[in-house]
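Enquirer: The structure file my_file32.pdb (PDB, C-alpha atoms, pLDDT in the B column) is provided below.
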```
ATOM      1  CA  MET Z  25     -20.773  -7.391  43.219  1.00 56.00           C
ATOM      2  CA  ASN Z  26     -23.860  -5.161  43.131  1.00 69.00           C
ATOM      3  CA  PHE Z  27     -26.514  -7.552  41.878  1.00 74.00           C
ATOM      4  CA  GLU Z  28     -29.196  -4.885  42.172  1.00 77.00           C
ATOM      5  CA  GLU Z  29     -27.397  -3.030  39.370  1.00 76.00           C
ATOM      6  CA  VAL Z  30     -26.857  -6.210  37.353  1.00 75.00           C
ATOM      7  CA  PHE Z  31     -30.566  -7.020  37.629  1.00 80.00           C
ATOM      8  CA  ALA Z  32     -31.933  -3.500  37.336  1.00 83.00           C
ATOM      9  CA  LYS Z  33     -35.233  -2.861  35.580  1.00 83.00           C
ATOM     10  CA  SER Z  34     -35.015  -2.880  31.775  1.00 79.00           C
ATOM     11  CA  ASP Z  35     -37.113  -3.491  28.663  1.00 75.00           C
ATOM     12  CA  GLU Z  36     -36.290  -7.200  28.939  1.00 74.00           C
ATOM     13  CA  THR Z  37     -37.476  -7.671  32.542  1.00 79.00           C
ATOM     14  CA  ASP Z  38     -41.073  -8.283  33.528  1.00 81.00           C
ATOM     15  CA  VAL Z  39     -41.056  -9.501  37.132  1.00 83.00           C
ATOM     16  CA  ILE Z  40     -39.352  -8.729  40.453  1.00 86.00           C
ATOM     17  CA  LEU Z  41     -37.808 -11.192  42.890  1.00 87.00           C
ATOM     18  CA  VAL Z  42     -37.255  -9.948  46.447  1.00 88.00           C
ATOM     19  CA  VAL Z  43     -34.361 -11.415  48.442  1.00 87.00           C
ATOM     20  CA  ASP Z  44     -33.423  -9.996  51.850  1.00 85.00           C
ATOM     21  CA  GLY Z  45     -35.485  -6.922  51.020  1.00 84.00           C
ATOM     22  CA  LYS Z  46     -33.523  -6.295  47.809  1.00 88.00           C
ATOM     23  CA  LYS Z  47     -35.175  -6.292  44.399  1.00 87.00           C
ATOM     24  CA  LEU Z  48     -33.917  -8.241  41.387  1.00 87.00           C
ATOM     25  CA  HIS Z  49     -35.616  -7.545  38.058  1.00 85.00           C
ATOM     26  CA  VAL Z  50     -35.678 -10.657  35.877  1.00 83.00           C
ATOM     27  CA  ASN Z  51     -37.378 -12.208  32.864  1.00 80.00           C
ATOM     28  CA  LYS Z  52     -40.194 -14.674  33.568  1.00 80.00           C
ATOM     29  CA  ALA Z  53     -39.743 -16.699  30.394  1.00 78.00           C
ATOM     30  CA  LEU Z  54     -36.027 -17.284  30.951  1.00 76.00           C
ATOM     31  CA  LEU Z  55     -36.458 -18.439  34.537  1.00 80.00           C
ATOM     32  CA  SER Z  56     -39.515 -20.560  33.747  1.00 78.00           C
ATOM     33  CA  ASP Z  57     -37.694 -22.256  30.886  1.00 72.00           C
ATOM     34  CA  ASP Z  58     -34.800 -23.333  33.110  1.00 71.00           C
ATOM     35  CA  SER Z  59     -36.613 -23.961  36.391  1.00 79.00           C
ATOM     36  CA  ASP Z  60     -39.839 -25.792  37.225  1.00 79.00           C
ATOM     37  CA  TYR Z  61     -39.789 -23.946  40.560  1.00 83.00           C
ATOM     38  CA  PHE Z  62     -40.062 -20.545  38.880  1.00 82.00           C
ATOM     39  CA  LYS Z  63     -42.521 -21.879  36.313  1.00 81.00           C
ATOM     40  CA  THR Z  64     -44.849 -22.859  39.157  1.00 82.00           C
ATOM     41  CA  LEU Z  65     -44.161 -19.686  41.134  1.00 79.00           C
ATOM     42  CA  PHE Z  66     -45.064 -17.364  38.271  1.00 77.00           C
ATOM     43  CA  ASN Z  67     -48.316 -19.214  37.647  1.00 76.00           C
ATOM     44  CA  ILE Z  68     -49.551 -18.014  41.044  1.00 65.00           C
ATOM     45  CA  ASP Z  69     -51.866 -15.212  40.008  1.00 59.00           C
ATOM     46  CA  LEU Z  70     -51.587 -12.892  42.981  1.00 56.00           C
ATOM     47  CA  LYS Z  71     -51.773  -9.172  42.283  1.00 56.00           C
ATOM     48  CA  GLU Z  72     -49.664  -8.436  45.365  1.00 51.00           C
ATOM     49  CA  PHE Z  73     -46.752 -10.477  44.009  1.00 55.00           C
ATOM     50  CA  SER Z  74     -47.064  -8.991  40.531  1.00 57.00           C
ATOM     51  CA  MET Z  75     -46.829  -5.457  41.899  1.00 62.00           C
ATOM     52  CA  ASN Z  76     -44.406  -5.796  44.807  1.00 68.00           C
ATOM     53  CA  GLY Z  77     -42.344  -8.775  43.728  1.00 77.00           C
ATOM     54  CA  TYR Z  78     -42.132 -12.453  44.572  1.00 80.00           C
ATOM     55  CA  PRO Z  79     -40.369 -13.051  47.914  1.00 83.00           C
ATOM     56  CA  ILE Z  80     -37.598 -15.670  47.784  1.00 85.00           C
ATOM     57  CA  GLU Z  81     -36.828 -16.902  51.281  1.00 82.00           C
ATOM     58  CA  GLU Z  82     -33.985 -18.828  52.925  1.00 80.00           C
ATOM     59  CA  VAL Z  83     -31.366 -17.959  50.307  1.00 81.00           C
ATOM     60  CA  GLU Z  84     -28.210 -15.853  50.453  1.00 80.00           C
ATOM     61  CA  PHE Z  85     -28.573 -12.750  48.289  1.00 81.00           C
ATOM     62  CA  ASP Z  86     -25.146 -12.972  46.606  1.00 77.00           C
ATOM     63  CA  ASP Z  87     -25.389 -16.726  46.008  1.00 76.00           C
ATOM     64  CA  PHE Z  88     -28.840 -16.311  44.517  1.00 81.00           C
ATOM     65  CA  GLY Z  89     -27.617 -13.445  42.335  1.00 79.00           C
ATOM     66  CA  MET Z  90     -24.869 -15.650  40.916  1.00 73.00           C
ATOM     67  CA  LEU Z  91     -27.408 -18.388  40.187  1.00 75.00           C
ATOM     68  CA  LEU Z  92     -29.612 -15.927  38.307  1.00 77.00           C
ATOM     69  CA  SER Z  93     -26.614 -14.694  36.319  1.00 72.00           C
ATOM     70  CA  LEU Z  94     -26.053 -18.218  34.997  1.00 66.00           C
ATOM     71  CA  ILE Z  95     -29.675 -18.572  33.902  1.00 66.00           C
ATOM     72  CA  HIS Z  96     -29.636 -15.174  32.199  1.00 60.00           C
ATOM     73  CA  GLY Z  97     -26.550 -15.985  30.139  1.00 53.00           C
ATOM     74  CA  ARG Z  98     -24.220 -13.464  31.785  1.00 52.00           C
ATOM     75  CA  PRO Z  99     -22.350 -15.539  34.388  1.00 48.00           C
ATOM     76  CA  ILE Z 100     -20.753 -13.771  37.346  1.00 47.00           C
ATOM     77  CA  ILE Z 101     -18.053 -15.636  39.244  1.00 45.00           C
ATOM     78  CA  PRO Z 102     -16.657 -14.153  42.474  1.00 46.00           C
ATOM     79  CA  ASN Z 103     -12.930 -13.987  43.189  1.00 43.00           C
ATOM     80  CA  GLY Z 104     -11.590 -17.253  44.553  1.00 39.00           C
ATOM     81  CA  GLU Z 105     -14.307 -19.334  42.899  1.00 40.00           C
ATOM     82  CA  MET Z 106     -14.058 -21.357  39.728  1.00 42.00           C
ATOM     83  CA  ASP Z 107     -13.512 -19.165  36.682  1.00 50.00           C
ATOM     84  CA  LEU Z 108     -16.271 -20.012  34.227  1.00 51.00           C
ATOM     85  CA  LYS Z 109     -14.084 -18.954  31.309  1.00 59.00           C
ATOM     86  CA  LYS Z 110     -11.463 -21.442  32.453  1.00 59.00           C
ATOM     87  CA  PHE Z 111     -14.146 -24.107  32.691  1.00 56.00           C
ATOM     88  CA  LEU Z 112     -15.160 -23.448  29.091  1.00 61.00           C
ATOM     89  CA  GLU Z 113     -11.557 -23.654  27.922  1.00 60.00           C
ATOM     90  CA  ASP Z 114     -11.040 -26.930  29.785  1.00 66.00           C
ATOM     91  CA  ARG Z 115     -13.680 -28.547  27.630  1.00 75.00           C
ATOM     92  CA  PHE Z 116     -11.320 -28.024  24.714  1.00 85.00           C
ATOM     93  CA  THR Z 117      -7.920 -28.392  26.324  1.00 86.00           C
ATOM     94  CA  GLU Z 118      -4.956 -29.960  24.527  1.00 86.00           C
ATOM     95  CA  SER Z 119      -4.780 -33.758  24.693  1.00 85.00           C
ATOM     96  CA  ILE Z 120      -3.565 -36.757  22.715  1.00 89.00           C
ATOM     97  CA  LYS Z 121      -6.915 -36.724  20.894  1.00 86.00           C
ATOM     98  CA  THR Z 122      -6.661 -33.139  19.627  1.00 88.00           C
ATOM     99  CA  ASP Z 123      -4.694 -32.221  16.525  1.00 87.00           C
ATOM    100  CA  VAL Z 124      -5.502 -28.590  15.778  1.00 89.00           C
ATOM    101  CA  CYS Z 125      -6.024 -25.400  17.762  1.00 92.00           C
ATOM    102  CA  LEU Z 126      -8.690 -22.822  16.949  1.00 93.00           C
ATOM    103  CA  ILE Z 127      -7.921 -19.345  18.237  1.00 93.00           C
ATOM    104  CA  VAL Z 128     -10.991 -17.274  19.051  1.00 92.00           C
ATOM    105  CA  GLN Z 129     -10.615 -13.765  20.451  1.00 91.00           C
ATOM    106  CA  GLY Z 130      -7.121 -14.669  21.619  1.00 91.00           C
ATOM    107  CA  LYS Z 131      -8.207 -17.846  23.426  1.00 90.00           C
ATOM    108  CA  ARG Z 132      -7.196 -21.355  22.368  1.00 90.00           C
ATOM    109  CA  LEU Z 133      -9.648 -24.171  21.737  1.00 91.00           C
ATOM    110  CA  TYR Z 134      -8.060 -27.546  20.990  1.00 91.00           C
ATOM    111  CA  VAL Z 135     -10.219 -29.774  18.813  1.00 91.00           C
ATOM    112  CA  THR Z 136     -10.071 -32.901  16.687  1.00 90.00           C
ATOM    113  CA  LYS Z 137     -10.089 -32.418  12.931  1.00 90.00           C
ATOM    114  CA  ALA Z 138     -11.966 -35.664  12.312  1.00 91.00           C
ATOM    115  CA  ILE Z 139     -14.879 -34.684  14.572  1.00 90.00           C
ATOM    116  CA  LEU Z 140     -15.271 -31.228  13.061  1.00 92.00           C
ATOM    117  CA  SER Z 141     -14.865 -32.581   9.522  1.00 91.00           C
ATOM    118  CA  HIS Z 142     -17.515 -35.234  10.126  1.00 91.00           C
ATOM    119  CA  HIS Z 143     -20.121 -32.670  11.153  1.00 92.00           C
ATOM    120  CA  SER Z 144     -19.113 -29.720   8.975  1.00 93.00           C
ATOM    121  CA  PRO Z 145     -18.335 -29.654   5.234  1.00 93.00           C
ATOM    122  CA  PHE Z 146     -16.716 -26.269   5.890  1.00 93.00           C
ATOM    123  CA  PHE Z 147     -14.151 -27.741   8.275  1.00 92.00           C
ATOM    124  CA  GLU Z 148     -13.758 -30.840   6.113  1.00 91.00           C
ATOM    125  CA  ALA Z 149     -12.719 -28.650   3.194  1.00 89.00           C
ATOM    126  CA  LEU Z 150     -10.554 -26.459   5.414  1.00 86.00           C
ATOM    127  CA  PHE Z 151      -8.604 -29.398   6.811  1.00 87.00           C
ATOM    128  CA  ASN Z 152      -8.383 -31.603   3.727  1.00 84.00           C
ATOM    129  CA  GLN Z 153      -8.284 -29.466   0.594  1.00 76.00           C
ATOM    130  CA  ASP Z 154      -5.566 -27.186  -0.707  1.00 68.00           C
ATOM    131  CA  PHE Z 155      -6.005 -24.370   1.765  1.00 60.00           C
ATOM    132  CA  LYS Z 156      -3.098 -22.984   3.724  1.00 63.00           C
ATOM    133  CA  GLU Z 157      -4.906 -23.978   6.936  1.00 57.00           C
ATOM    134  CA  LYS Z 158      -4.555 -27.668   5.998  1.00 57.00           C
ATOM    135  CA  SER Z 159      -1.079 -27.910   7.495  1.00 62.00           C
ATOM    136  CA  MET Z 160      -1.451 -25.252  10.186  1.00 71.00           C
ATOM    137  CA  LYS Z 161      -1.458 -26.291  13.837  1.00 82.00           C
ATOM    138  CA  GLU Z 162      -3.236 -23.101  14.865  1.00 88.00           C
ATOM    139  CA  ILE Z 163      -6.074 -21.457  12.955  1.00 89.00           C
ATOM    140  CA  LYS Z 164      -7.446 -18.045  13.832  1.00 91.00           C
ATOM    141  CA  MET Z 165     -11.234 -17.846  13.647  1.00 92.00           C
ATOM    142  CA  SER Z 166     -12.460 -14.387  12.710  1.00 91.00           C
ATOM    143  CA  ASP Z 167     -15.842 -12.780  13.328  1.00 92.00           C
ATOM    144  CA  VAL Z 168     -16.931 -15.207  16.042  1.00 93.00           C
ATOM    145  CA  ASP Z 169     -17.694 -14.620  19.710  1.00 93.00           C
ATOM    146  CA  TYR Z 170     -15.769 -16.892  22.071  1.00 90.00           C
ATOM    147  CA  ASP Z 171     -18.576 -17.844  24.486  1.00 87.00           C
ATOM    148  CA  GLU Z 172     -21.100 -18.503  21.723  1.00 91.00           C
ATOM    149  CA  PHE Z 173     -18.585 -20.388  19.586  1.00 93.00           C
ATOM    150  CA  VAL Z 174     -17.790 -22.687  22.527  1.00 90.00           C
ATOM    151  CA  VAL Z 175     -21.476 -23.559  22.859  1.00 89.00           C
ATOM    152  CA  PHE Z 176     -21.602 -24.128  19.095  1.00 93.00           C
ATOM    153  CA  LEU Z 177     -18.585 -26.469  19.198  1.00 92.00           C
ATOM    154  CA  SER Z 178     -19.864 -28.326  22.248  1.00 89.00           C
ATOM    155  CA  ILE Z 179     -22.895 -29.527  20.265  1.00 88.00           C
ATOM    156  CA  PHE Z 180     -20.514 -31.719  18.249  1.00 84.00           C
ATOM    157  CA  HIS Z 181     -19.358 -33.422  21.431  1.00 80.00           C
ATOM    158  CA  GLN Z 182     -20.739 -35.361  24.380  1.00 73.00           C
ATOM    159  CA  ASP Z 183     -22.596 -33.419  27.082  1.00 71.00           C
ATOM    160  CA  PRO Z 184     -23.112 -30.253  25.017  1.00 79.00           C
ATOM    161  CA  MET Z 185     -23.596 -26.953  26.785  1.00 81.00           C
ATOM    162  CA  LYS Z 186     -27.183 -25.778  26.856  1.00 81.00           C
ATOM    163  CA  PRO Z 187     -27.831 -22.765  24.634  1.00 87.00           C
ATOM    164  CA  THR Z 188     -30.015 -19.888  25.780  1.00 87.00           C
ATOM    165  CA  ILE Z 189     -32.692 -17.786  24.158  1.00 88.00           C
ATOM    166  CA  ARG Z 190     -30.158 -14.950  24.074  1.00 87.00           C
ATOM    167  CA  ASN Z 191     -27.466 -16.789  22.108  1.00 91.00           C
ATOM    168  CA  ALA Z 192     -29.678 -19.116  20.056  1.00 93.00           C
ATOM    169  CA  GLU Z 193     -29.745 -17.012  16.904  1.00 94.00           C
ATOM    170  CA  LYS Z 194     -25.991 -16.392  16.921  1.00 95.00           C
ATOM    171  CA  ILE Z 195     -25.406 -20.151  17.160  1.00 95.00           C
ATOM    172  CA  LEU Z 196     -27.707 -20.604  14.167  1.00 97.00           C
ATOM    173  CA  VAL Z 197     -25.616 -18.020  12.306  1.00 96.00           C
ATOM    174  CA  TYR Z 198     -22.556 -20.185  12.983  1.00 97.00           C
ATOM    175  CA  ALA Z 199     -24.462 -23.312  11.941  1.00 96.00           C
ATOM    176  CA  ASP Z 200     -25.196 -21.729   8.558  1.00 96.00           C
ATOM    177  CA  ARG Z 201     -21.721 -20.273   8.173  1.00 96.00           C
ATOM    178  CA  PHE Z 202     -19.962 -23.557   8.957  1.00 95.00           C
ATOM    179  CA  LEU Z 203     -22.596 -25.752   7.253  1.00 95.00           C
ATOM    180  CA  CYS Z 204     -23.496 -27.750  10.359  1.00 93.00           C
ATOM    181  CA  SER Z 205     -26.849 -29.476   9.975  1.00 92.00           C
ATOM    182  CA  ILE Z 206     -26.477 -31.262  13.319  1.00 91.00           C
ATOM    183  CA  VAL Z 207     -26.327 -27.900  15.089  1.00 93.00           C
ATOM    184  CA  LYS Z 208     -29.362 -26.578  13.215  1.00 93.00           C
ATOM    185  CA  ASN Z 209     -31.345 -29.680  14.163  1.00 92.00           C
ATOM    186  CA  TYR Z 210     -30.257 -29.381  17.789  1.00 91.00           C
ATOM    187  CA  MET Z 211     -31.135 -25.694  17.943  1.00 93.00           C
ATOM    188  CA  GLU Z 212     -34.497 -26.280  16.291  1.00 92.00           C
ATOM    189  CA  LEU Z 213     -35.489 -28.761  18.997  1.00 89.00           C
ATOM    190  CA  PHE Z 214     -34.223 -26.367  21.654  1.00 89.00           C
ATOM    191  CA  LEU Z 215     -36.225 -23.428  20.286  1.00 91.00           C
ATOM    192  CA  ILE Z 216     -39.394 -25.501  20.010  1.00 89.00           C
ATOM    193  CA  SER Z 217     -39.070 -26.301  23.715  1.00 85.00           C
ATOM    194  CA  THR Z 218     -38.564 -22.692  24.844  1.00 83.00           C
ATOM    195  CA  ARG Z 219     -41.017 -19.947  25.702  1.00 79.00           C
ATOM    196  CA  MET Z 220     -39.547 -17.558  23.184  1.00 84.00           C
ATOM    197  CA  LYS Z 221     -42.036 -15.023  21.846  1.00 82.00           C
ATOM    198  CA  PHE Z 222     -44.341 -16.247  19.085  1.00 81.00           C
ATOM    199  CA  GLU Z 223     -43.115 -13.687  16.563  1.00 83.00           C
ATOM    200  CA  ASP Z 224     -39.438 -14.398  17.304  1.00 88.00           C
ATOM    201  CA  LYS Z 225     -39.899 -18.138  16.841  1.00 90.00           C
ATOM    202  CA  LEU Z 226     -41.698 -17.567  13.564  1.00 89.00           C
ATOM    203  CA  ARG Z 227     -39.065 -15.124  12.291  1.00 90.00           C
ATOM    204  CA  ILE Z 228     -36.117 -17.348  13.241  1.00 93.00           C
ATOM    205  CA  GLY Z 229     -37.767 -20.495  11.913  1.00 92.00           C
ATOM    206  CA  ASP Z 230     -38.469 -18.757   8.613  1.00 91.00           C
ATOM    207  CA  LYS Z 231     -35.031 -17.125   8.315  1.00 93.00           C
ATOM    208  CA  TYR Z 232     -33.044 -20.297   8.988  1.00 94.00           C
ATOM    209  CA  LYS Z 233     -35.477 -22.656   7.231  1.00 93.00           C
ATOM    210  CA  LEU Z 234     -36.389 -24.572  10.394  1.00 93.00           C
ATOM    211  CA  ASN Z 235     -39.600 -26.092   9.099  1.00 90.00           C
ATOM    212  CA  ASP Z 236     -40.535 -27.983  12.258  1.00 91.00           C
ATOM    213  CA  LEU Z 237     -40.129 -24.811  14.311  1.00 91.00           C
ATOM    214  CA  VAL Z 238     -42.336 -22.881  11.882  1.00 88.00           C
ATOM    215  CA  ASP Z 239     -45.004 -25.595  11.896  1.00 89.00           C
ATOM    216  CA  ASN Z 240     -44.929 -25.877  15.683  1.00 88.00           C
ATOM    217  CA  THR Z 241     -45.223 -22.105  16.060  1.00 85.00           C
ATOM    218  CA  VAL Z 242     -48.029 -21.752  13.530  1.00 83.00           C
ATOM    219  CA  ALA Z 243     -49.914 -24.478  15.391  1.00 82.00           C
ATOM    220  CA  GLN Z 244     -50.051 -22.113  18.375  1.00 76.00           C
ATOM    221  CA  LEU Z 245     -52.649 -20.155  16.420  1.00 73.00           C
ATOM    222  CA  ASN Z 246     -55.687 -21.832  17.908  1.00 64.00           C
ATOM    223  CA  LYS Z 247     -58.888 -20.978  19.720  1.00 53.00           C
ATOM    224  CA  ASN Z 248     -57.039 -20.686  23.013  1.00 52.00           C
ATOM    225  CA  ASN Z 249     -54.564 -18.132  21.659  1.00 54.00           C
ATOM    226  CA  LYS Z 250     -56.745 -15.696  19.743  1.00 53.00           C
ATOM    227  CA  HIS Z 251     -54.516 -12.808  20.845  1.00 54.00           C
ATOM    228  CA  LEU Z 252     -51.863 -14.156  18.469  1.00 55.00           C
ATOM    229  CA  PHE Z 253     -54.031 -13.436  15.419  1.00 52.00           C
ATOM    230  CA  MET Z 254     -53.309  -9.705  15.399  1.00 50.00           C
ATOM    231  CA  LYS Z 255     -49.628 -10.361  16.027  1.00 54.00           C
ATOM    232  CA  SER Z 256     -49.435 -12.760  13.109  1.00 55.00           C
ATOM    233  CA  ILE Z 257     -51.277 -10.371  10.778  1.00 54.00           C
ATOM    234  CA  SER Z 258     -48.919  -7.474  11.532  1.00 57.00           C
ATOM    235  CA  PHE Z 259     -45.798  -9.602  11.586  1.00 62.00           C
ATOM    236  CA  THR Z 260     -46.039 -11.733   8.445  1.00 65.00           C
ATOM    237  CA  SER Z 261     -44.986  -8.932   6.076  1.00 67.00           C
ATOM    238  CA  GLY Z 262     -41.316  -9.758   6.650  1.00 75.00           C
ATOM    239  CA  LEU Z 263     -41.683 -13.509   6.189  1.00 81.00           C
ATOM    240  CA  SER Z 264     -41.246 -15.724   3.156  1.00 83.00           C
ATOM    241  CA  ASP Z 265     -44.279 -16.558   1.028  1.00 84.00           C
ATOM    242  CA  ARG Z 266     -44.110 -20.151   2.209  1.00 86.00           C
ATOM    243  CA  THR Z 267     -44.410 -19.202   5.877  1.00 82.00           C
ATOM    244  CA  LYS Z 268     -47.051 -16.560   5.139  1.00 80.00           C
ATOM    245  CA  ASN Z 269     -49.146 -19.226   3.441  1.00 83.00           C
ATOM    246  CA  LYS Z 270     -48.832 -21.535   6.447  1.00 83.00           C
ATOM    247  CA  VAL Z 271     -50.050 -18.775   8.757  1.00 78.00           C
ATOM    248  CA  LEU Z 272     -52.892 -17.872   6.389  1.00 77.00           C
ATOM    249  CA  MET Z 273     -54.016 -21.485   6.027  1.00 81.00           C
ATOM    250  CA  GLN Z 274     -54.064 -21.922   9.803  1.00 75.00           C
ATOM    251  CA  MET Z 275     -56.112 -18.757  10.266  1.00 73.00           C
ATOM    252  CA  MET Z 276     -58.590 -19.810   7.569  1.00 74.00           C
ATOM    253  CA  LYS Z 277     -58.887 -23.227   9.176  1.00 73.00           C
ATOM    254  CA  LEU Z 278     -59.775 -21.684  12.521  1.00 67.00           C
ATOM    255  CA  CYS Z 279     -62.257 -19.250  10.996  1.00 66.00           C
ATOM    256  CA  LYS Z 280     -64.225 -22.201   9.614  1.00 63.00           C
ATOM    257  CA  CYS Z 281     -64.531 -23.770  13.062  1.00 55.00           C
TER     258      CYS Z 281
END
```
Represent the supplied structure as structure tokens.
Expert:
Amino acid sequence: MNFEEVFAKSDETDVILVVDGKKLHVNKALLSDDSDYFKTLFNIDLKEFSMNGYPIEEVEFDDFGMLLSLIHGRPIIPNGEMDLKKFLEDRFTESIKTDVCLIVQGKRLYVTKAILSHHSPFFEALFNQDFKEKSMKEIKMSDVDYDEFVVFLSIFHQDPMKPTIRNAEKILVYADRFLCSIVKNYMELFLISTRMKFEDKLRIGDKYKLNDLVDNTVAQLNKNNKHLFMKSISFTSGLSDRTKNKVLMQMMKLCKC
């Protein structure tokens, strides 16, 4: 696997890691969010590192590349190692507790009707009202991505898989589509904890009516983050009146200080 191609420079990368003399272009926010080591490393304000890359020592290049692929949401598993897709499927394998199979992009996910019905009025209606799916043992799910849907389903269960900044909005789409408030609450807490861009947090919070996320993001407009003022002014045109008012009130509050 050519990890230098996988981690080539792009619009989404903003820092270079150097391993065995090879350069890997990555995203600071993603690595900092998942690793205290990288969070500390990137806080070292050395111009030399910023220009030439941060050296990572005493690691195998391929092993480190695979680790980065997991953090960046595009896992790479070498031949002979555990197949991550198989691992995801095993979380929803057939057992005495499962009673229906969801088919997503040709792959089977065995689940329990009672669990899905408890957390989702959509599935409750699907399994209990007069729909043809009520008596079906296999139900094909259309217009969903397998990997993202697995993360979505895992939130209903113990030890849920951690979402990423990349798939967060798609999971919120599923939460709205399948009427899952527990998933929206979970994702809201996740997004509050991330280093997602200010404008993206505000847009997503507004779009999916995540009030705590909006309030937490607006609170970032303070004396220590004056650079966000211009961003908020140019960005609020696409937001709801309610969120615009929250931003405006915060800006007026700071102007009085």
Enquirer: Starting from the displayed file, determine the output of the PyMOL selection byres ((chain Z and resi 176) around 9) and express the residue list as a list in words.
Expert: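 Taken over the shown coordinates, the PyMOL selection byres ((chain Z and resi 176) around 9) returns Asp171, Glu172, Phe173, Val174, Val175, Leu177, Ser178, Ile179, Phe180, Pro184, Met185, Pro187, Ile195, Leu196, Tyr198, Ala199 and Val207 of chain Z.
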Enquirer: Tell me, as a VMD selection string, which residues lie within 9 Å of Tyr134 in chain Z, counting only C-alpha atoms; anything in the same chain fewer than 2 positions away does not count.
Expert: chain Z and resid 113 115 to 119 122 to 127 132 136 162
Enquirer: For the PyMOL selection byres ((chain Z and resi 85) around 9), applied here, can you spell out every residue it catches as a PyMOL selection string?
Expert: chain Z and resi 27+43-44+46+83-84+86-90
Enquirer: Evaluate the PyMOL selection byres ((chain Z and resi 31-40) around 8) here and jot the selected residues down as a list in words.
Expert: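 So the PyMOL selection byres ((chain Z and resi 31-40) around 8), applied here, picks out Phe27, Glu28, Glu29, Val30, Leu41, Val42, Lys47, Leu48, His49, Val50, Asn51, Lys52, Ser74, Asn76, Gly77 and Tyr78 of chain Z.
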Enquirer: Would you mind telling me which residue in Z:Gly45, Z:Gln274, Z:Asn269, Z:Lys231 lies nearest to Asp200 in chain Z when using all atoms listed in the file?
Expert: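 Under the stated criterion, the closest residue is Z:Lys231.
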Enquirer: Restricting the calculation to all atoms listed in the file: of Z:Tyr170, Z:Phe151, Z:Tyr232, Z:Phe62, which residue gets closest to Ile80 in chain Z?
Expert: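 Among the listed residues, Z:Phe62 lies closest to Ile80 in chain Z.
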Enquirer: What separation in Å, quoted to one decimal, exists between CA of Gln153 in chain Z and CA of Val168 in chain Z?
Expert: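 These atoms are spaced 22.7 Å apart.
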Enquirer: Box time for range 50-61 of chain Z: axis-aligned, enclosing all its listed atoms, 8 Å extra on each side; report centre and edge lengths in Å to one decimal, as AutoDock Vina command-line options.
Expert:
```
--center_x -37.5 --center_y -18.2 --center_z 35.5 --size_x 21.4 --size_y 31.1 --size_z 26.2
```
Enquirer: Figure out the distance between CA of Thr241 in chain Z and CA of Phe202 in chain Z, please, to one decimal in Å.
Expert: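 Going from CA of Phe202 in chain Z over to CA of Thr241 in chain Z, I get 26.3 Å.
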Enquirer: Go ahead and find all residues with at least one atom no further than 10 Å from (-18.1, -25.9, 3.8) in the file's coordinates, using only C-alpha atoms; report them as a ChimeraX atom specification.
Expert: /Z:141,144-150,200-204
Enquirer: What is the distance, in Å and to one decimal place, between CA of Glu223 in chain Z and CA of Lys208 in chain Z?
Expert: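 Separation between CA of Glu223 in chain Z and CA of Lys208 in chain Z: 19.1 Å.
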Enquirer: So which one's closest to Leu263 in chain Z, Z:Val238, Z:Ile120, Z:Ile216, Z:Val197? Using all atoms listed in the file, please.
Expert: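 Of Z:Val238, Z:Ile120, Z:Ile216, Z:Val197, the one nearest Leu263 in chain Z is Z:Val238, counting all atoms listed in the file.
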Enquirer: For Thr218 in chain Z, which residue out of Z:Ile189, Z:Leu91, Z:Ile206, Z:Leu133 is the nearest one, using all atoms listed in the file?
Expert: Z:Ile189
